[in-house]
$ cat target-v7.pdb   # PDB, N, CA and C atoms, pLDDT in the B column
MODEL        1
ATOM      1  N   MET A  16     -18.364  20.422  -1.158  1.00 52.00           N
ATOM      2  CA  MET A  16     -17.343  19.990  -2.108  1.00 52.00           C
ATOM      3  C   MET A  16     -15.949  19.982  -1.491  1.00 52.00           C
ATOM      4  N   GLY A  17     -15.701  20.868  -0.517  1.00 63.00           N
ATOM      5  CA  GLY A  17     -14.379  20.950   0.083  1.00 63.00           C
ATOM      6  C   GLY A  17     -13.984  19.686   0.820  1.00 63.00           C
ATOM      7  N   GLY A  18     -14.960  19.029   1.470  1.00 73.00           N
ATOM      8  CA  GLY A  18     -14.673  17.811   2.211  1.00 73.00           C
ATOM      9  C   GLY A  18     -14.244  16.667   1.312  1.00 73.00           C
ATOM     10  N   LYS A  19     -14.849  16.608   0.127  1.00 79.00           N
ATOM     11  CA  LYS A  19     -14.499  15.531  -0.808  1.00 79.00           C
ATOM     12  C   LYS A  19     -13.075  15.695  -1.319  1.00 79.00           C
ATOM     13  N   SER A  20     -12.665  16.927  -1.588  1.00 82.00           N
ATOM     14  CA  SER A  20     -11.304  17.133  -2.091  1.00 82.00           C
ATOM     15  C   SER A  20     -10.270  16.843  -1.010  1.00 82.00           C
ATOM     16  N   VAL A  21     -10.614  17.150   0.249  1.00 83.00           N
ATOM     17  CA  VAL A  21      -9.690  16.853   1.342  1.00 83.00           C
ATOM     18  C   VAL A  21      -9.553  15.347   1.506  1.00 83.00           C
ATOM     19  N   ARG A  22     -10.681  14.625   1.463  1.00 84.00           N
ATOM     20  CA  ARG A  22     -10.631  13.165   1.577  1.00 84.00           C
ATOM     21  C   ARG A  22      -9.848  12.552   0.419  1.00 84.00           C
ATOM     22  N   PHE A  23     -10.074  13.054  -0.789  1.00 85.00           N
ATOM     23  CA  PHE A  23      -9.364  12.528  -1.953  1.00 85.00           C
ATOM     24  C   PHE A  23      -7.866  12.783  -1.820  1.00 85.00           C
ATOM     25  N   SER A  24      -7.492  13.993  -1.392  1.00 83.00           N
ATOM     26  CA  SER A  24      -6.076  14.324  -1.210  1.00 83.00           C
ATOM     27  C   SER A  24      -5.438  13.442  -0.139  1.00 83.00           C
ATOM     28  N   LEU A  25      -6.176  13.201   0.939  1.00 82.00           N
ATOM     29  CA  LEU A  25      -5.669  12.337   1.998  1.00 82.00           C
ATOM     30  C   LEU A  25      -5.475  10.912   1.494  1.00 82.00           C
ATOM     31  N   MET A  26      -6.426  10.424   0.700  1.00 82.00           N
ATOM     32  CA  MET A  26      -6.317   9.070   0.154  1.00 82.00           C
ATOM     33  C   MET A  26      -5.085   8.955  -0.756  1.00 82.00           C
ATOM     34  N   ILE A  27      -4.883   9.936  -1.621  1.00 81.00           N
ATOM     35  CA  ILE A  27      -3.718   9.919  -2.517  1.00 81.00           C
ATOM     36  C   ILE A  27      -2.429   9.960  -1.700  1.00 81.00           C
ATOM     37  N   PHE A  28      -2.384  10.801  -0.672  1.00 79.00           N
ATOM     38  CA  PHE A  28      -1.190  10.882   0.165  1.00 79.00           C
ATOM     39  C   PHE A  28      -0.898   9.537   0.822  1.00 79.00           C
ATOM     40  N   LEU A  29      -1.921   8.905   1.376  1.00 76.00           N
ATOM     41  CA  LEU A  29      -1.714   7.622   2.050  1.00 76.00           C
ATOM     42  C   LEU A  29      -1.258   6.545   1.074  1.00 76.00           C
ATOM     43  N   LEU A  30      -1.777   6.564  -0.145  1.00 75.00           N
ATOM     44  CA  LEU A  30      -1.337   5.586  -1.140  1.00 75.00           C
ATOM     45  C   LEU A  30       0.119   5.816  -1.525  1.00 75.00           C
ATOM     46  N   MET A  31       0.525   7.066  -1.659  1.00 72.00           N
ATOM     47  CA  MET A  31       1.911   7.368  -1.998  1.00 72.00           C
ATOM     48  C   MET A  31       2.843   7.089  -0.820  1.00 72.00           C
ATOM     49  N   TYR A  32       2.380   7.329   0.396  1.00 68.00           N
ATOM     50  CA  TYR A  32       3.206   7.099   1.574  1.00 68.00           C
ATOM     51  C   TYR A  32       3.530   5.621   1.733  1.00 68.00           C
ATOM     52  N   SER A  33       2.602   4.757   1.341  1.00 58.00           N
ATOM     53  CA  SER A  33       2.862   3.323   1.478  1.00 58.00           C
ATOM     54  C   SER A  33       4.027   2.881   0.596  1.00 58.00           C
ATOM     55  N   GLN A  34       4.310   3.642  -0.448  1.00 54.00           N
ATOM     56  CA  GLN A  34       5.440   3.322  -1.315  1.00 54.00           C
ATOM     57  C   GLN A  34       6.765   3.520  -0.570  1.00 54.00           C
ATOM     58  N   LEU A  35       6.769   4.396   0.418  1.00 54.00           N
ATOM     59  CA  LEU A  35       8.001   4.730   1.117  1.00 54.00           C
ATOM     60  C   LEU A  35       8.292   3.818   2.305  1.00 54.00           C
ATOM     61  N   THR A  36       7.299   3.096   2.766  1.00 56.00           N
ATOM     62  CA  THR A  36       7.488   2.270   3.949  1.00 56.00           C
ATOM     63  C   THR A  36       8.254   1.000   3.615  1.00 56.00           C
ATOM     64  N   GLN A  37       8.878   0.449   4.613  1.00 57.00           N
ATOM     65  CA  GLN A  37       9.609  -0.795   4.449  1.00 57.00           C
ATOM     66  C   GLN A  37       8.921  -1.861   5.294  1.00 57.00           C
ATOM     67  N   ALA A  38       8.617  -2.989   4.692  1.00 54.00           N
ATOM     68  CA  ALA A  38       7.924  -4.051   5.414  1.00 54.00           C
ATOM     69  C   ALA A  38       8.630  -5.375   5.143  1.00 54.00           C
ATOM     70  N   GLN A  39       8.680  -6.219   6.173  1.00 56.00           N
ATOM     71  CA  GLN A  39       9.274  -7.546   6.023  1.00 56.00           C
ATOM     72  C   GLN A  39       8.616  -8.505   6.992  1.00 56.00           C
ATOM     73  N   CYS A  40       8.393  -9.705   6.532  1.00 63.00           N
ATOM     74  CA  CYS A  40       7.964 -10.745   7.462  1.00 63.00           C
ATOM     75  C   CYS A  40       9.209 -11.269   8.175  1.00 63.00           C
ATOM     76  N   ALA A  41       9.006 -12.038   9.216  1.00 66.00           N
ATOM     77  CA  ALA A  41      10.134 -12.520  10.020  1.00 66.00           C
ATOM     78  C   ALA A  41      11.075 -13.413   9.205  1.00 66.00           C
ATOM     79  N   MET A  42      10.498 -14.287   8.373  1.00 64.00           N
ATOM     80  CA  MET A  42      11.333 -15.196   7.574  1.00 64.00           C
ATOM     81  C   MET A  42      12.140 -14.424   6.533  1.00 64.00           C
ATOM     82  N   CYS A  43      11.505 -13.494   5.855  1.00 66.00           N
ATOM     83  CA  CYS A  43      12.228 -12.713   4.845  1.00 66.00           C
ATOM     84  C   CYS A  43      13.346 -11.907   5.486  1.00 66.00           C
ATOM     85  N   ARG A  44      13.047 -11.330   6.626  1.00 67.00           N
ATOM     86  CA  ARG A  44      14.058 -10.526   7.311  1.00 67.00           C
ATOM     87  C   ARG A  44      15.259 -11.380   7.707  1.00 67.00           C
ATOM     88  N   ALA A  45      15.014 -12.568   8.225  1.00 67.00           N
ATOM     89  CA  ALA A  45      16.112 -13.443   8.645  1.00 67.00           C
ATOM     90  C   ALA A  45      16.974 -13.842   7.450  1.00 67.00           C
ATOM     91  N   VAL A  46      16.353 -14.149   6.335  1.00 66.00           N
ATOM     92  CA  VAL A  46      17.107 -14.540   5.143  1.00 66.00           C
ATOM     93  C   VAL A  46      17.904 -13.367   4.598  1.00 66.00           C
ATOM     94  N   LEU A  47      17.278 -12.192   4.560  1.00 68.00           N
ATOM     95  CA  LEU A  47      17.940 -11.037   3.961  1.00 68.00           C
ATOM     96  C   LEU A  47      19.025 -10.442   4.846  1.00 68.00           C
ATOM     97  N   GLU A  48      18.922 -10.616   6.154  1.00 69.00           N
ATOM     98  CA  GLU A  48      19.977 -10.112   7.022  1.00 69.00           C
ATOM     99  C   GLU A  48      21.261 -10.911   6.851  1.00 69.00           C
ATOM    100  N   SER A  49      21.149 -12.156   6.417  1.00 68.00           N
ATOM    101  CA  SER A  49      22.347 -12.961   6.199  1.00 68.00           C
ATOM    102  C   SER A  49      23.000 -12.637   4.860  1.00 68.00           C
ATOM    103  N   GLU A  50      22.260 -12.041   3.966  1.00 62.00           N
ATOM    104  CA  GLU A  50      22.787 -11.657   2.648  1.00 62.00           C
ATOM    105  C   GLU A  50      23.481 -10.300   2.741  1.00 62.00           C
ATOM    106  N   GLU A  51      24.381 -10.060   1.819  1.00 71.00           N
ATOM    107  CA  GLU A  51      25.076  -8.777   1.787  1.00 71.00           C
ATOM    108  C   GLU A  51      24.637  -7.915   0.612  1.00 71.00           C
ATOM    109  N   ASN A  52      23.703  -8.410  -0.188  1.00 71.00           N
ATOM    110  CA  ASN A  52      23.256  -7.670  -1.347  1.00 71.00           C
ATOM    111  C   ASN A  52      22.057  -6.798  -0.970  1.00 71.00           C
ATOM    112  N   ILE A  53      22.259  -5.496  -0.923  1.00 74.00           N
ATOM    113  CA  ILE A  53      21.225  -4.551  -0.515  1.00 74.00           C
ATOM    114  C   ILE A  53      20.131  -4.452  -1.590  1.00 74.00           C
ATOM    115  N   ALA A  54      20.470  -4.576  -2.850  1.00 76.00           N
ATOM    116  CA  ALA A  54      19.484  -4.457  -3.926  1.00 76.00           C
ATOM    117  C   ALA A  54      18.416  -5.550  -3.817  1.00 76.00           C
ATOM    118  N   ILE A  55      18.815  -6.752  -3.454  1.00 75.00           N
ATOM    119  CA  ILE A  55      17.842  -7.840  -3.299  1.00 75.00           C
ATOM    120  C   ILE A  55      16.917  -7.547  -2.125  1.00 75.00           C
ATOM    121  N   ALA A  56      17.472  -7.044  -1.029  1.00 74.00           N
ATOM    122  CA  ALA A  56      16.648  -6.721   0.137  1.00 74.00           C
ATOM    123  C   ALA A  56      15.628  -5.642  -0.196  1.00 74.00           C
ATOM    124  N   GLU A  57      16.033  -4.620  -0.926  1.00 77.00           N
ATOM    125  CA  GLU A  57      15.099  -3.563  -1.320  1.00 77.00           C
ATOM    126  C   GLU A  57      14.027  -4.100  -2.256  1.00 77.00           C
ATOM    127  N   GLY A  58      14.389  -4.999  -3.146  1.00 79.00           N
ATOM    128  CA  GLY A  58      13.407  -5.606  -4.046  1.00 79.00           C
ATOM    129  C   GLY A  58      12.370  -6.419  -3.295  1.00 79.00           C
ATOM    130  N   VAL A  59      12.816  -7.183  -2.302  1.00 77.00           N
ATOM    131  CA  VAL A  59      11.882  -7.961  -1.495  1.00 77.00           C
ATOM    132  C   VAL A  59      10.967  -7.024  -0.701  1.00 77.00           C
ATOM    133  N   ASN A  60      11.520  -5.956  -0.137  1.00 77.00           N
ATOM    134  CA  ASN A  60      10.708  -4.982   0.595  1.00 77.00           C
ATOM    135  C   ASN A  60       9.631  -4.382  -0.307  1.00 77.00           C
ATOM    136  N   ASN A  61      10.004  -3.973  -1.499  1.00 81.00           N
ATOM    137  CA  ASN A  61       9.039  -3.384  -2.421  1.00 81.00           C
ATOM    138  C   ASN A  61       7.972  -4.392  -2.821  1.00 81.00           C
ATOM    139  N   GLY A  62       8.360  -5.628  -3.040  1.00 82.00           N
ATOM    140  CA  GLY A  62       7.388  -6.660  -3.388  1.00 82.00           C
ATOM    141  C   GLY A  62       6.378  -6.895  -2.286  1.00 82.00           C
ATOM    142  N   ILE A  63       6.831  -6.886  -1.050  1.00 80.00           N
ATOM    143  CA  ILE A  63       5.930  -7.067   0.089  1.00 80.00           C
ATOM    144  C   ILE A  63       4.955  -5.904   0.184  1.00 80.00           C
ATOM    145  N   VAL A  64       5.446  -4.689  -0.006  1.00 83.00           N
ATOM    146  CA  VAL A  64       4.571  -3.513   0.054  1.00 83.00           C
ATOM    147  C   VAL A  64       3.519  -3.579  -1.045  1.00 83.00           C
ATOM    148  N   TYR A  65       3.912  -3.952  -2.253  1.00 85.00           N
ATOM    149  CA  TYR A  65       2.938  -4.037  -3.347  1.00 85.00           C
ATOM    150  C   TYR A  65       1.907  -5.129  -3.077  1.00 85.00           C
ATOM    151  N   LEU A  66       2.347  -6.270  -2.588  1.00 85.00           N
ATOM    152  CA  LEU A  66       1.408  -7.349  -2.277  1.00 85.00           C
ATOM    153  C   LEU A  66       0.449  -6.953  -1.159  1.00 85.00           C
ATOM    154  N   MET A  67       0.916  -6.153  -0.237  1.00 86.00           N
ATOM    155  CA  MET A  67       0.066  -5.708   0.855  1.00 86.00           C
ATOM    156  C   MET A  67      -0.925  -4.643   0.392  1.00 86.00           C
ATOM    157  N   ALA A  68      -0.522  -3.764  -0.501  1.00 88.00           N
ATOM    158  CA  ALA A  68      -1.348  -2.621  -0.896  1.00 88.00           C
ATOM    159  C   ALA A  68      -2.473  -2.998  -1.848  1.00 88.00           C
ATOM    160  N   ILE A  69      -2.271  -3.937  -2.739  1.00 90.00           N
ATOM    161  CA  ILE A  69      -3.263  -4.257  -3.767  1.00 90.00           C
ATOM    162  C   ILE A  69      -4.619  -4.658  -3.187  1.00 90.00           C
ATOM    163  N   PRO A  70      -4.715  -5.551  -2.199  1.00 90.00           N
ATOM    164  CA  PRO A  70      -6.050  -5.881  -1.659  1.00 90.00           C
ATOM    165  C   PRO A  70      -6.768  -4.675  -1.059  1.00 90.00           C
ATOM    166  N   TYR A  71      -6.023  -3.792  -0.377  1.00 92.00           N
ATOM    167  CA  TYR A  71      -6.648  -2.604   0.195  1.00 92.00           C
ATOM    168  C   TYR A  71      -7.175  -1.681  -0.901  1.00 92.00           C
ATOM    169  N   ILE A  72      -6.439  -1.540  -1.966  1.00 92.00           N
ATOM    170  CA  ILE A  72      -6.893  -0.700  -3.078  1.00 92.00           C
ATOM    171  C   ILE A  72      -8.150  -1.293  -3.703  1.00 92.00           C
ATOM    172  N   LEU A  73      -8.157  -2.595  -3.925  1.00 93.00           N
ATOM    173  CA  LEU A  73      -9.330  -3.230  -4.532  1.00 93.00           C
ATOM    174  C   LEU A  73     -10.564  -3.110  -3.645  1.00 93.00           C
ATOM    175  N   VAL A  74     -10.408  -3.316  -2.354  1.00 93.00           N
ATOM    176  CA  VAL A  74     -11.547  -3.180  -1.437  1.00 93.00           C
ATOM    177  C   VAL A  74     -12.006  -1.726  -1.386  1.00 93.00           C
ATOM    178  N   GLY A  75     -11.081  -0.789  -1.401  1.00 93.00           N
ATOM    179  CA  GLY A  75     -11.442   0.632  -1.414  1.00 93.00           C
ATOM    180  C   GLY A  75     -12.238   1.004  -2.651  1.00 93.00           C
ATOM    181  N   VAL A  76     -11.815   0.504  -3.805  1.00 94.00           N
ATOM    182  CA  VAL A  76     -12.546   0.774  -5.048  1.00 94.00           C
ATOM    183  C   VAL A  76     -13.939   0.149  -4.986  1.00 94.00           C
ATOM    184  N   LEU A  77     -14.036  -1.050  -4.471  1.00 94.00           N
ATOM    185  CA  LEU A  77     -15.336  -1.705  -4.338  1.00 94.00           C
ATOM    186  C   LEU A  77     -16.267  -0.891  -3.438  1.00 94.00           C
ATOM    187  N   PHE A  78     -15.773  -0.458  -2.273  1.00 94.00           N
ATOM    188  CA  PHE A  78     -16.592   0.338  -1.378  1.00 94.00           C
ATOM    189  C   PHE A  78     -16.986   1.677  -2.000  1.00 94.00           C
ATOM    190  N   TYR A  79     -16.094   2.259  -2.789  1.00 93.00           N
ATOM    191  CA  TYR A  79     -16.412   3.512  -3.466  1.00 93.00           C
ATOM    192  C   TYR A  79     -17.594   3.327  -4.419  1.00 93.00           C
ATOM    193  N   PHE A  80     -17.553   2.276  -5.223  1.00 94.00           N
ATOM    194  CA  PHE A  80     -18.645   2.041  -6.167  1.00 94.00           C
ATOM    195  C   PHE A  80     -19.949   1.686  -5.445  1.00 94.00           C
ATOM    196  N   VAL A  81     -19.863   0.947  -4.358  1.00 93.00           N
ATOM    197  CA  VAL A  81     -21.071   0.646  -3.576  1.00 93.00           C
ATOM    198  C   VAL A  81     -21.631   1.931  -2.986  1.00 93.00           C
ATOM    199  N   TYR A  82     -20.758   2.783  -2.456  1.00 92.00           N
ATOM    200  CA  TYR A  82     -21.200   4.065  -1.900  1.00 92.00           C
ATOM    201  C   TYR A  82     -21.870   4.929  -2.958  1.00 92.00           C
ATOM    202  N   LYS A  83     -21.256   5.008  -4.137  1.00 91.00           N
ATOM    203  CA  LYS A  83     -21.830   5.808  -5.223  1.00 91.00           C
ATOM    204  C   LYS A  83     -23.184   5.244  -5.645  1.00 91.00           C
ATOM    205  N   LYS A  84     -23.316   3.935  -5.667  1.00 91.00           N
ATOM    206  CA  LYS A  84     -24.572   3.288  -6.052  1.00 91.00           C
ATOM    207  C   LYS A  84     -25.653   3.568  -5.010  1.00 91.00           C
ATOM    208  N   MET A  85     -25.270   3.545  -3.729  1.00 91.00           N
ATOM    209  CA  MET A  85     -26.256   3.767  -2.651  1.00 91.00           C
ATOM    210  C   MET A  85     -26.712   5.226  -2.575  1.00 91.00           C
ATOM    211  N   THR A  86     -25.840   6.167  -2.940  1.00 89.00           N
ATOM    212  CA  THR A  86     -26.191   7.594  -2.827  1.00 89.00           C
ATOM    213  C   THR A  86     -26.896   8.125  -4.059  1.00 89.00           C
ATOM    214  N   SER A  87     -26.872   7.410  -5.159  1.00 77.00           N
ATOM    215  CA  SER A  87     -27.533   7.936  -6.359  1.00 77.00           C
ATOM    216  C   SER A  87     -28.857   7.274  -6.623  1.00 77.00           C
TER
ENDMDL
END
$ encode --input "target-v7.pdb" --output "structure tokens"
Amino acid sequence: MGGKSVRFSLMIFLLMYSQLTQAQCAMCRAVLESEENIAIAEGVNNGIVYLMAIPYILVGVLFYFVYKKMTS
């Protein structure tokens, strides 16, 4: 049981850590560096992180259910 709680805690930490990272594609970065509004740049960064995280979460949930189905 201890291994499962460690894995779960690690998964939660990694999901929360992705909220703190800043990501930008080259085009977005070039456009935002020319702007002086920091709030818009932060909004674009957050949007990119959310768009990046959702597919990984969905695939993780799918693999979890497949794993549970295979082990039971």
$ axis_aligned_box --input "target-v7.pdb" --around "region 56-67 of chain A" --padding-each-side "5 Å" --output "AutoDock Vina command-line options"
--center_x 8.3 --center_y -5.7 --center_z -1.6 --size_x 28.4 --size_y 14.6 --size_z 14.9
$ atom_distance --input "target-v7.pdb" --atom1 "CA of Asn60 (chain A)" --atom2 "atom N of Val74 (chain A)"
21.4 Å
$ atom_distance --input "target-v7.pdb" --atom1 "atom C of Phe28 (chain A)" --atom2 "atom N of Tyr65 (chain A)"
14.6 Å
$ atom_distance --input "target-v7.pdb" --atom1 "CA of Lys19 (chain A)" --atom2 "CA of Leu73 (chain A)"
19.8 Å
